[in-house]
There are 6 protein chains.
Amino acid sequence: MIVKVKEPLASEYPLIKPKQILFTYFHFAASKELTHAMIESKATCIAYETVELADRSLPLLTPMSEVAGRMAIQVGAYFLGKPQGGKGKMPGGVPGVKPANVLILGGGVVGTQAARMAAGLGANVTIMDTNLARLRYLSDVMPANVHTQYSTSHAIQEHLPHVDLIVGAVLLHGIKAPHLIKKEDLRSMQPGTVLVDVAVDQGGCIETCHPTTHEDPVYEVDGILHYCVANMPGAVPQTSTMALTQATLPYVLLLANQGYQDACSNNEALNKGLTIYDGKLYHPGLAAAFSL
Amino acid sequence: MIVKVKEPLASEYPLIKPKQILFTYFHFAASKELTHAMIESKATCIAYETVELADRSLPLLTPMSEVAGRMAIQVGAYFLGKPQGGKGKMPGGVPGVKPANVLILGGGVVGTQAARMAAGLGANVTIMDTNLARLRYLSDVMPANVHTQYSTSHAIQEHLPHVDLIVGAVLLHGIKAPHLIKKEDLRSMQPGTVLVDVAVDQGGCIETCHPTTHEDPVYEVDGILHYCVANMPGAVPQTSTMALTQATLPYVLLLANQGYQDACSNNEALNKGLTIYDGKLYHPGLAAAFSL
Amino acid sequence: MIVKVKEPLASEYPLIKPKQILFTYFHFAASKELTHAMIESKATCIAYETVELADRSLPLLTPMSEVAGRMAIQVGAYFLGKPQGGKGKMPGGVPGVKPANVLILGGGVVGTQAARMAAGLGANVTIMDTNLARLRYLSDVMPANVHTQYSTSHAIQEHLPHVDLIVGAVLLHGIKAPHLIKKEDLRSMQPGTVLVDVAVDQGGCIETCHPTTHEDPVYEVDGILHYCVANMPGAVPQTSTMALTQATLPYVLLLANQGYQDACSNNEALNKGLTIYDGKLYHPGLAAAFSL
Amino acid sequence: MIVKVKEPLASEYPLIKPKQILFTYFHFAASKELTHAMIESKATCIAYETVELADRSLPLLTPMSEVAGRMAIQVGAYFLGKPQGGKGKMPGGVPGVKPANVLILGGGVVGTQAARMAAGLGANVTIMDTNLARLRYLSDVMPANVHTQYSTSHAIQEHLPHVDLIVGAVLLHGIKAPHLIKKEDLRSMQPGTVLVDVAVDQGGCIETCHPTTHEDPVYEVDGILHYCVANMPGAVPQTSTMALTQATLPYVLLLANQGYQDACSNNEALNKGLTIYDGKLYHPGLAAAFSL
Amino acid sequence: MIVKVKEPLASEYPLIKPKQILFTYFHFAASKELTHAMIESKATCIAYETVELADRSLPLLTPMSEVAGRMAIQVGAYFLGKPQGGKGKMPGGVPGVKPANVLILGGGVVGTQAARMAAGLGANVTIMDTNLARLRYLSDVMPANVHTQYSTSHAIQEHLPHVDLIVGAVLLHGIKAPHLIKKEDLRSMQPGTVLVDVAVDQGGCIETCHPTTHEDPVYEVDGILHYCVANMPGAVPQTSTMALTQATLPYVLLLANQGYQDACSNNEALNKGLTIYDGKLYHPGLAAAFSL
Amino acid sequence: MIVKVKEPLASEYPLIKPKQILFTYFHFAASKELTHAMIESKATCIAYETVELADRSLPLLTPMSEVAGRMAIQVGAYFLGKPQGGKGKMPGGVPGVKPANVLILGGGVVGTQAARMAAGLGANVTIMDTNLARLRYLSDVMPANVHTQYSTSHAIQEHLPHVDLIVGAVLLHGIKAPHLIKKEDLRSMQPGTVLVDVAVDQGGCIETCHPTTHEDPVYEVDGILHYCVANMPGAVPQTSTMALTQATLPYVLLLANQGYQDACSNNEALNKGLTIYDGKLYHPGLAAAFSL
């Protein structure tokens with residue numbers, strides 16, 4: 001399985017035949033070229049990332065967010081090591097030595113999984129969100145070393161001088177996440193602090209983050225280590241593939257049993273993913289963006 | 001039950017008859033008058049507070065320490081209230097609002113019970129001790145929001161500007177506890193911080209603490225609230241009496257069944273409590289102190 | 001911040017100017033005088049306590065309920081002390097001594113927070129409600145020493161002879177809570193039992209409760225101690241202010257950015273709080289009550 | 001594996017040859033016939049049940065106590081069922097229905113394991129012992145629904161009218177356990193209460209208990225159901241065999257590598273199990289008991 | 001209380017009078033004779049099992065599912081015993097001995113309660129469902145020894161060679177549950193594995209299951225022990241009666257206060273239970289099934 | 001801080017002056033050259049690694065073991081990633097996807113810390129030891145997803161085909177640890193399984209392990225990834241330095257206040273670390289080894 005489709009080379013397009021149904025991640029918005037090629041191929045394109053349930057959750061993105069949220073702490077712990085450029089500190093300290101301070105920005109799927117892992121390693125964890133109802137639920141189910149805090153610019157600033165690891169886990173639906181941490185904020189942090197921005201491929205919520213790869217995952221800005229791999233789940237395919245395919249399976253069965261037209265008519269969530277068919281683009285936002 | 005014997009008035013001494021066995025808290029070291037009166041009464045005095053097991057634990061002090069340790073947090077939480085003179089903060093905050101910082105000085109019986117209660121109220125708790133083996137055990141059994149830290153003067157100083165409640169729980173065996181917090185340290189704390197010194201009747205581990213009573217439990221020094229009731233367990237007699245009498249019961253049965261001489265001969269722990277009999281003082285330390 | 005607005009003196013009314021927007025707690029129903037004064041002032045009055053979300057929750061009351069629920073156990077533990085008039089018992093006992101029995105009437109926001117704190121202190125806790133779905137959720141997320149029980153008059157009666165602390169946490173939406181504990185029930189309890197009625201300012205769920213103040217918080221009826229401070233969160237302003245302002249902030253921004261008319265048009269929850277504007281009362285219930 | 005040796009028939013004795021080393025459970029004290037036969041066989045008999053470490057623990061009895069303690073709750077839960085003669089109640093109730101009250105007499109290996117299982121099923125558990133140090137440790141490591149209580153006759157009596165399941169887990173070293181529950185106490189309990197006496201083969205701590213078998217495990221006295229299978233671990237051989245053989249393995253290796261004489265000389269614990277060799281009885285207590 | 005109505009004998013029908021309101025479990029679909037008799041009796045029949053809330057939950061079946069789910073583990077643990085025909089293994093093992101593997105098919109009410117009990121006994125538990133949102137919630141609230149897994153035929157097969165206890169907890173709304181375990185699958189399991197099919201009276205989710213009784217609860221197929229008592233909650237009437245009557249109470253009060261017509265008009269959930277009145281059958285499915 | 005002294009170059013020796021007290025890690029046994037140089041320097045050498053308490057614990061090695069045990073899981077999680085050569089699996093899976101299997105060989109300081117971290121990440125953890133008393137304690141204090149198992153060659157073999165991460169945490173006092181996993185065992189494991197041998201610098205307990213460095217930490221043998229950094233704590237100096245210096249502090253004070261002669265006379269533990277003084281080697285084992 002390819003967890004996230006790389007942008008196809010032009011020479012690959014001929015492989016796509018008319019009437020074929022392509023059901024995968026497309027991220028059309030990021031590539032006009034891909035969009036055009038798919039329209040011309042006359043294939044039917046249903047995009048994982050826009051399949052959406054009635055409660056506005058994205059069932060085919062959630063599993064990847066869970067993986068990425070958990071990984072954020074695993075890589076964060078690793079890169080806090082001195083040889084990797086971090087402070088040289090363990091998330092949980094050891095008995096008699098204070099634990100590290102971990103700050104999670106965002107209490108959604110990514111942030112929740114990250115907070116649980118950080119707590120599991122024994123850190124002193126703060127998870128922030130502006131959704132109080134969500135913070136109340138987290139407060140009911142999280143381990144005792146996870147503290148919930150309403151997110152404001154002021155509250156974030158207060159944490160910076162003491163924090164050891166920050167996970168950016170803000171993903172706003174369809175719009176770019178705000179920069180909760182700006183370039184000038186890096187000066188408030190101690191050298192070797194580690195930032196992991198899970199939402200980096202949607203623009204990220206940390207200004208100084210830009211996408212990196214598993215081959216070269218980190219870089220330093222003003223002494224602060226940035227881990228911003230765009231496709232984090234790609235590193236753990238055994239877990240990611242299971243997580244993703246069991247989420248896509250019901251839709252795949254629907255497509256196989258009913259054909260794409262009936263399947264999309266009968267299933268509102270799937271219908272939201274139907275982007276291109278009959279050589280036309282059926283997605284108002286994209287059409288506008290690409291003037292189609 | 002009188003949890004801790006008040007210093008008896010001279011007029012009460014005639015009630016004590018020769019050959020009577022008095023098995024209770026005496027705290028002779030604090031009163032030469034009491035010591036003399038008991039010697040003259042020709043009663044046999046076995047002091048709870050010096051009964052000592054082979055592992056140097058004090059089985060008849062431990063239950064009162066457990067009560068006091070747990071109470072320290074209950075009263076600390078109460079006096080953190082603004083109307084009581086505290087900061088006006090809850091130990092556990094609420095969902096979305098950061099919890100208070102609670103610092104426990106000492107990881108023995110008192111400190112352990114205090115830490116558990118503070119954690120139960122949702123606070124961010126640090127428990128300090130210089131005994132690393134003890135911190136390792138606490139780390140095994142305490143809730144996740146209790147962090148263990150090796151106690152040094154420097155480590156304590158670092159906590160002061162952020163701490164909301166400090167519990168003094170240092171009790172050294174037979175010697176006065178050191179002043180871990182000095183008068184000048186109060187300036188590092190925010191006004192309304194609450195100090196509870198459980199060991200105040202052994203001199204306390206906070207310099208500005210002096211014994212108070214349940215009638216008038218707190219006073220302020222430099223904006224910092226001090227709770228220093230000398231006999232904390234006296235406030236919860238239903239709990240304290242059960243806790244104490246089940247600890248004394250085996251010794252009482254021994255005394256009743258064997259007489260004090262055989263009982264003390266046969267039981268080394270009890271023997272250590274035997275202080276006065278036959279009109280003589282049998283305790284080298286006391287004898288020296290009072291030149292007897 | 002003033003957590004709850006005191007009834008303004010007549011001489012204060014001139015301070016309110018026409019066109020001013022007052023966004024705060026009003027509790028108009030409790031004061032015809034206040035209502036009239038505000039109508040005449042021509043100010044715009046949006047009442048925190050009637051802002052209501054689509055799921056009928058009250059987002060600007062919830063934070064205060066959380067604070068009060070948690071405080072209920074802190075003050076309950078304190079007043080269980082003998083010097084304060086209670087039984088002289090600790091909520092959690094100590095190792096080897098049975099814990100106290102704590103009964104929480106109501107499994108909503110107040111009761112849930114109270115149950116969690118009581119469990120944290122080691123008590124044997126029962127939380128009652130008639131909403132089985134809620135009890136099932138609590139059963140999923142509460143510590144193991146919280147037992148859920150369907151609330152009936154019979155079930156409550158059975159607890160009374162053994163209970164040490166009762167928290168009244170029943171708040172029915174818009175109507176007076178029933179008296180789950182009546183005056184004659186006090187005879188079934190042991191002297192020194194402590195009652196904390198968090199809903200006392202909506203009439204309370206314990207018949208013998210009437211509002212008290214932080215200055216004089218408790219009184220005794222038939223040997224039973226009543227703690228009924230009407231404005232409990234006022235005692236912990238550092239916690240309460242954070243809790244409240246982060247809940248009001250989004251509405252304040254809305255009002256500031258859009259003006260009250262557009263803000264209330266665009267936000268149904270806020271609109272429910274809009275009570276007085278243009279010198280007129282826009283609230284059917286109040287209008288009827290005051291014949292306006 | 002035979003978890004516990006049945007008393008051998010006379011006809012089986014010839015199978016035992018001189019010089020053979022028998023390392024197993026013997027329980028000689030219960031059978032003069034067996035003792036004589038073994039002496040005459042000139043075999044070397046090392047009894048599991050008397051191998052004893054320096055701290056007086058019995059390493060080859062502990063695993064069976066662990067199994068029996070855990071099983072006590074499993075069978076207790078089953079026999080609380082109405083069709084089995086119990087009250088018809090579940091240990092943990094269900095959400096909204098109060099849990100059962102489980103009383104564990106004894107905080108040693110058996111009682112600890114029983115308490116943990118009962119807590120796991122959601123019961124309201126009390127564990128009693130007269131060893132306060134042990135209760136303090138249990139209080140540190142047990143789930144929150146296990147309450148520790150100092151054991152006195154009075155304390156036990158208070159529980160009887162409300163208790164649903166009692167586990168007798170008192171095993172005194174080498175002497176018969178006292179009857180903590182007497183025949184007349186059964187009248188204080190509700191019909192269908194279940195008693196499981198794990199120590200029944202050492203005389204038990206419940207007066208009305210006498211050994212039963214897995215074929216016919218329970219009987220009723222005064223409406224109270226008694227489960228008193230003498231060899232409880234025999235029902236779960238996959239678990240028991242692993243538990244026992246990994247405890248005996250180091251001793252077996254010692255015997256195999258060094259011969260019994262050197263093994264017993266070099267290992268004080270094993271030496272305590274050496275009961276018969278060279279046709280003679282080497283155990284003062286047994287010798288006295290059987291006048292040998 | 002009769003937890004589940006047995007099929008009435010014809011001779012009992014005369015006891016039912018016209019205009020009587022019968023509010024109980026009927027399970028009409030299973031008996032044409034009962035359906036006819038009730039129609040002819042002219043009684044009003046409201047069936048517990050079809051009362052249904054707006055979220056499609058069945059409020060009068062849920063309590064029985066909770067009881068049955070918890071019981072499934074209690075009986076499973078018992079029948080894992082060798083004398084009962086099981087493997088002779090404890091769910092939680094003991095310290096040093098691996099725990100049993102427990103597989104729960106279905107993450108609804110039954111499966112959740114079963115998983116919690118199995119975890120409480122220390123087993124290594126896997127709970128399977130195809131509803132990922134439900135698995136995510138379970139992952140938030142379940143103990144750490146419960147692992148969630150997406151249910152597929154392949155995933156189930158992989159567990160069979162290692163599993164010790166399987167609980168069938170799949171109940172589909174109104175349709176027969178699929179056979180997740182087929183007869184040929186029994187060969188993949190080890191002899192003495194125990195199957196408990198809680199949904200056996202709706203056809204069960206294990207092919208080889210057929211209803212049994214508390215008198216004769218188990219049978220063996222291909223070495224695998226089957227426990228399939230159709231009315232499990234009947235064994236614990238003290239728990240079941242409380243659980244059921246507190247769920248039916250609000251409806252009973254409605255019927256008593258308003259009469260069945262108004263009650264059913266005003267309460268949509270209750271209305272769904274109204275099956276027969278005025279001598280007519282008001283339930284499309286039943287009518288079709290019985291050609292009425 | 002230099003956590004572990006590198007073998008000094010000959011040219012560095014002149015820096016060491018007679019009468020100097022060197023109190024640090026030496027690991028003399030590994031270098032005859034170092035031993036000779038120190039003897040000739042006439043310095044006093046007290047070796048951290050041989051300071052030993054009466055209970056045979058090594059107080060100045062324990063903190064480094066704690067750090068290494070916790071790090072073992074952090075690096076194990078990282079190297080399980082596909083880009084790092086591992087299976088591409090997360091220790092805890094995600095909701096709906098099975099967790100990884102983690103096997104910890106050894107239940108001492110290293111193994112205990114490793115097990116706790118692995119459990120915190122949500123893995124299915126087995127911790128093995130041959131000390132049953134230790135396994136019982138771990139069973140009391142570990143999270144529910146840690147299973148204890150008696151260590152035998154057979155038990156280890158059974159885990160290999162299913163295990164994802166193995167931590168070698170066996171350190172025998174003064175003697176080389178046995179090879180619990182041999183080269184041929186690697187064939188039983190799946191490719192990408194990760195081995196972390198924490199005891200590699202004492203010879204390790206995995207045959208194919210040899211020391212690596214933080215610069216080049218892993219290598220592959222037969223498809224199995226080996227992480228064997230000899231000085232793991234060196235990567236987290238902020239944590240390690242605190243952990244180590246608070247353990248050495250009391251000894252440093254003793255040396256400073258009393259001089260090395262009195263300090264070692266008065267403190268038996270410190271005395272065991274005294275290896276070289278007055279130009280002579282005071283350590284029987286070393287003397288024999290180097291024929292001095």
# chains A, B, ... in the order shown; residues from 1 in each chain; ligands from 1
>>> residues_around(residues="E:Tyr48", least_positions_apart="4", cutoff="10 Å", atoms="only C-alpha atoms", output="compact mmCIF listing (two decimals) with N, CA and C atoms, in the first residue's frame")
# COMPACT_ATOMS: atom_id res chain seq x y z
N LEU E 22 -50.57 -5.12 29.32
CA LEU E 22 -49.44 -5.99 29.60
C LEU E 22 -48.18 -5.31 29.09
N PHE E 23 -47.27 -5.00 30.02
CA PHE E 23 -46.03 -4.30 29.66
C PHE E 23 -44.88 -5.19 30.13
N THR E 24 -44.33 -5.95 29.23
CA THR E 24 -43.32 -6.95 29.59
C THR E 24 -42.58 -7.40 28.33
N TYR E 25 -41.63 -8.33 28.49
CA TYR E 25 -41.02 -8.97 27.32
C TYR E 25 -42.02 -9.93 26.71
N PHE E 26 -42.27 -9.90 25.40
CA PHE E 26 -43.18 -10.85 24.74
C PHE E 26 -42.45 -11.77 23.76
N HIS E 27 -41.54 -11.22 22.98
CA HIS E 27 -40.91 -11.98 21.91
C HIS E 27 -41.96 -12.67 21.05
N GLU E 52 -37.98 1.71 21.74
CA GLU E 52 -36.74 2.13 21.07
C GLU E 52 -36.59 3.65 21.09
N LEU E 58 -32.11 0.43 22.56
CA LEU E 58 -33.28 -0.26 23.11
C LEU E 58 -33.18 -0.20 24.63
N PRO E 59 -33.82 0.80 25.23
CA PRO E 59 -33.55 1.07 26.65
C PRO E 59 -33.96 -0.05 27.60
N LEU E 60 -34.87 -0.92 27.17
CA LEU E 60 -35.31 -1.99 28.07
C LEU E 60 -34.59 -3.31 27.79
N LEU E 61 -33.73 -3.31 26.78
CA LEU E 61 -32.87 -4.48 26.56
C LEU E 61 -31.46 -4.21 27.11
N THR E 248 -37.46 0.38 33.44
CA THR E 248 -38.88 0.41 33.04
C THR E 248 -39.67 1.44 33.83
N LEU E 270 -41.94 4.62 23.67
CA LEU E 270 -42.94 3.69 24.19
C LEU E 270 -43.86 3.23 23.07
N LYS E 272 -43.25 2.69 20.11
CA LYS E 272 -42.67 1.62 19.28
C LYS E 272 -42.88 0.25 19.92
N GLY E 273 -43.16 0.23 21.21
CA GLY E 273 -43.40 -1.05 21.87
C GLY E 273 -44.83 -1.51 21.80
N LEU E 274 -45.71 -0.59 21.45
CA LEU E 274 -47.15 -0.91 21.42
C LEU E 274 -47.44 -1.84 20.25
>>> select_by_dssp(residues="stretch 96-158 of chain F", states="strand (DSSP E)", output="ChimeraX atom specification")
/F:101-105,124-129,146-150
>>> interface_residues(of="chain E", to="chain D", cutoff="8 Å", atoms="only C-alpha atoms", output="MDAnalysis selection string")
chainID E and resid 63 66:67 71 74:75 77:78 80:83 87:90 93:94 96:97 116:117 119:122 214:215 235:239 242:243
>>> atom_distance(atom1="atom CA of C:Asn145", atom2="atom CA of C:Val125")
6.1 Å
>>> residues_around(residues="stretch 188-203 of chain A", least_positions_apart="6", cutoff="6 Å", atoms="only C-alpha atoms", output="number ranges by chain")
A: 86-87, 160-161, 164-169, 211, 223-228, 230
>>> write_last_selection(atoms="N, CA, C and O atoms", output="tab-separated table (two decimals), in the first residue's frame")
chain	number	residue	atom	x	y	z
A	86	GLY	N	18.78	17.47	20.10
A	86	GLY	CA	17.86	17.93	21.14
A	86	GLY	C	18.58	18.27	22.43
A	86	GLY	O	19.81	18.27	22.50
A	87	LYS	N	17.75	18.58	23.45
A	87	LYS	CA	18.29	19.02	24.74
A	87	LYS	C	19.07	17.93	25.47
A	87	LYS	O	19.82	18.23	26.39
A	160	LEU	N	6.44	28.47	26.79
A	160	LEU	CA	7.64	28.34	25.95
A	160	LEU	C	8.97	28.26	26.70
A	160	LEU	O	9.81	27.43	26.35
A	161	PRO	N	9.18	29.09	27.73
A	161	PRO	CA	10.50	29.02	28.37
A	161	PRO	C	10.77	27.70	29.09
A	161	PRO	O	11.92	27.42	29.42
A	164	ASP	N	9.87	21.37	26.64
A	164	ASP	CA	10.94	20.58	26.03
A	164	ASP	C	10.53	20.02	24.67
A	164	ASP	O	11.36	19.82	23.80
A	165	LEU	N	9.24	19.76	24.53
A	165	LEU	CA	8.75	19.16	23.28
A	165	LEU	C	7.37	19.74	22.98
A	165	LEU	O	6.50	19.74	23.86
A	166	ILE	N	7.20	20.25	21.77
A	166	ILE	CA	5.89	20.77	21.36
A	166	ILE	C	5.40	19.97	20.16
A	166	ILE	O	6.15	19.74	19.22
A	167	VAL	N	4.14	19.54	20.22
A	167	VAL	CA	3.53	18.87	19.07
A	167	VAL	C	2.45	19.77	18.50
A	167	VAL	O	1.49	20.13	19.21
A	168	GLY	N	2.62	20.15	17.26
A	168	GLY	CA	1.60	20.94	16.56
A	168	GLY	C	0.55	20.00	16.00
A	168	GLY	O	0.86	19.18	15.13
A	169	ALA	N	-0.65	20.07	16.51
A	169	ALA	CA	-1.69	19.12	16.13
A	169	ALA	C	-2.99	19.83	15.81
A	169	ALA	O	-4.07	19.35	16.10
A	211	PRO	N	7.82	21.18	5.12
A	211	PRO	CA	7.83	19.71	5.03
A	211	PRO	C	9.24	19.14	4.84
A	211	PRO	O	10.04	19.68	4.09
A	223	GLY	N	18.37	27.38	16.91
A	223	GLY	CA	18.67	26.45	18.00
A	223	GLY	C	17.55	25.50	18.33
A	223	GLY	O	17.70	24.61	19.18
A	224	ILE	N	16.43	25.66	17.66
A	224	ILE	CA	15.25	24.83	17.93
A	224	ILE	C	15.15	23.76	16.85
A	224	ILE	O	15.20	24.08	15.66
A	225	LEU	N	14.98	22.50	17.26
A	225	LEU	CA	14.95	21.40	16.30
A	225	LEU	C	13.53	21.22	15.76
A	225	LEU	O	12.57	21.12	16.52
A	226	HIS	N	13.42	21.17	14.43
A	226	HIS	CA	12.11	21.01	13.78
A	226	HIS	C	12.02	19.64	13.11
A	226	HIS	O	12.85	19.33	12.26
A	227	TYR	N	10.99	18.86	13.49
A	227	TYR	CA	10.71	17.59	12.81
A	227	TYR	C	9.40	17.79	12.07
A	227	TYR	O	8.37	18.03	12.69
A	228	CYS	N	9.42	17.72	10.77
A	228	CYS	CA	8.23	18.08	9.99
A	228	CYS	C	8.04	17.14	8.81
A	228	CYS	O	7.76	17.57	7.69
A	230	ALA	N	6.32	15.14	6.21
A	230	ALA	CA	4.96	15.35	5.72
A	230	ALA	C	4.14	14.07	5.76
A	230	ALA	O	2.94	14.10	5.99
>>> select_by_dssp(residues="stretch 215-245 of chain D", states="alpha helix (DSSP H)", output="PyMOL selection string")
chain D and resi 237-245
>>> write_last_selection(atoms="N, CA, C and O atoms", output="PDB file, in the first residue's frame")
ATOM      1  N   PRO D 237      -5.171 -26.951  36.046  1.00  0.00           N
ATOM      2  CA  PRO D 237      -3.817 -27.522  35.971  1.00  0.00           C
ATOM      3  C   PRO D 237      -2.878 -26.791  35.029  1.00  0.00           C
ATOM      4  O   PRO D 237      -1.673 -26.744  35.279  1.00  0.00           O
ATOM      5  N   GLN D 238      -3.393 -26.208  33.938  1.00  0.00           N
ATOM      6  CA  GLN D 238      -2.466 -25.508  33.030  1.00  0.00           C
ATOM      7  C   GLN D 238      -1.801 -24.346  33.750  1.00  0.00           C
ATOM      8  O   GLN D 238      -0.608 -24.082  33.569  1.00  0.00           O
ATOM      9  N   THR D 239      -2.560 -23.648  34.549  1.00  0.00           N
ATOM     10  CA  THR D 239      -1.995 -22.533  35.314  1.00  0.00           C
ATOM     11  C   THR D 239      -1.179 -23.042  36.496  1.00  0.00           C
ATOM     12  O   THR D 239      -0.046 -22.612  36.732  1.00  0.00           O
ATOM     13  N   SER D 240      -1.740 -23.993  37.229  1.00  0.00           N
ATOM     14  CA  SER D 240      -1.085 -24.455  38.451  1.00  0.00           C
ATOM     15  C   SER D 240       0.242 -25.151  38.182  1.00  0.00           C
ATOM     16  O   SER D 240       1.214 -24.968  38.919  1.00  0.00           O
ATOM     17  N   THR D 241       0.277 -25.964  37.146  1.00  0.00           N
ATOM     18  CA  THR D 241       1.503 -26.701  36.857  1.00  0.00           C
ATOM     19  C   THR D 241       2.640 -25.754  36.514  1.00  0.00           C
ATOM     20  O   THR D 241       3.760 -25.898  36.995  1.00  0.00           O
ATOM     21  N   MET D 242       2.323 -24.767  35.681  1.00  0.00           N
ATOM     22  CA  MET D 242       3.348 -23.779  35.358  1.00  0.00           C
ATOM     23  C   MET D 242       3.799 -23.074  36.629  1.00  0.00           C
ATOM     24  O   MET D 242       4.991 -22.877  36.864  1.00  0.00           O
ATOM     25  N   ALA D 243       2.837 -22.643  37.430  1.00  0.00           N
ATOM     26  CA  ALA D 243       3.158 -21.878  38.636  1.00  0.00           C
ATOM     27  C   ALA D 243       4.015 -22.696  39.590  1.00  0.00           C
ATOM     28  O   ALA D 243       4.980 -22.190  40.173  1.00  0.00           O
ATOM     29  N   LEU D 244       3.683 -23.976  39.737  1.00  0.00           N
ATOM     30  CA  LEU D 244       4.409 -24.800  40.697  1.00  0.00           C
ATOM     31  C   LEU D 244       5.782 -25.210  40.168  1.00  0.00           C
ATOM     32  O   LEU D 244       6.787 -25.108  40.869  1.00  0.00           O
ATOM     33  N   THR D 245       5.821 -25.676  38.935  1.00  0.00           N
ATOM     34  CA  THR D 245       7.097 -26.219  38.455  1.00  0.00           C
ATOM     35  C   THR D 245       8.161 -25.147  38.306  1.00  0.00           C
ATOM     36  O   THR D 245       9.337 -25.403  38.485  1.00  0.00           O
TER      37      THR D 245
END
>>> residues_around(residues="C:Ser139", least_positions_apart="6", cutoff="10 Å", atoms="only C-alpha atoms", output="PyMOL selection string")
(chain C and resi 127+133+146-149) or (chain D and resi 94-96) or (chain E and resi 141)
>>> atom_distance(atom1="atom CA of E:Ala114", atom2="atom CA of E:Leu132")
18.5 Å
>>> atom_distance(atom1="atom CA of A:Thr112", atom2="atom CA of C:Ala123")
29.8 Å
>>> decode(residues="stretch 258-279 of chain E", atoms="C-alpha atoms", output="JSON list (two decimals), in the first residue's frame")
[["chain", "number", "residue", "atom", "x", "y", "z"],
["E", 258, "GLN", "CA", -51.58, 9.06, 31.44],
["E", 259, "GLY", "CA", -53.17, 5.81, 30.32],
["E", 260, "TYR", "CA", -51.61, 3.84, 27.49],
["E", 261, "GLN", "CA", -53.06, 5.94, 24.69],
["E", 262, "ASP", "CA", -51.74, 9.29, 25.81],
["E", 263, "ALA", "CA", -48.55, 7.74, 27.10],
["E", 264, "CYS", "CA", -47.83, 6.19, 23.71],
["E", 265, "SER", "CA", -48.83, 9.32, 21.84],
["E", 266, "ASN", "CA", -46.58, 11.47, 23.97],
["E", 267, "ASN", "CA", -43.63, 9.13, 24.05],
["E", 268, "GLU", "CA", -42.29, 7.94, 20.75],
["E", 269, "ALA", "CA", -40.06, 5.29, 22.32],
["E", 270, "LEU", "CA", -42.94, 3.69, 24.19],
["E", 271, "ASN", "CA", -45.11, 3.88, 21.11],
["E", 272, "LYS", "CA", -42.67, 1.62, 19.28],
["E", 273, "GLY", "CA", -43.40, -1.05, 21.87],
["E", 274, "LEU", "CA", -47.15, -0.91, 21.42],
["E", 275, "THR", "CA", -47.86, -4.10, 19.50],
["E", 276, "ILE", "CA", -51.43, -5.21, 20.15],
["E", 277, "TYR", "CA", -54.55, -3.30, 21.22],
["E", 278, "ASP", "CA", -58.23, -3.31, 20.50],
["E", 279, "GLY", "CA", -57.86, -6.87, 19.30]]
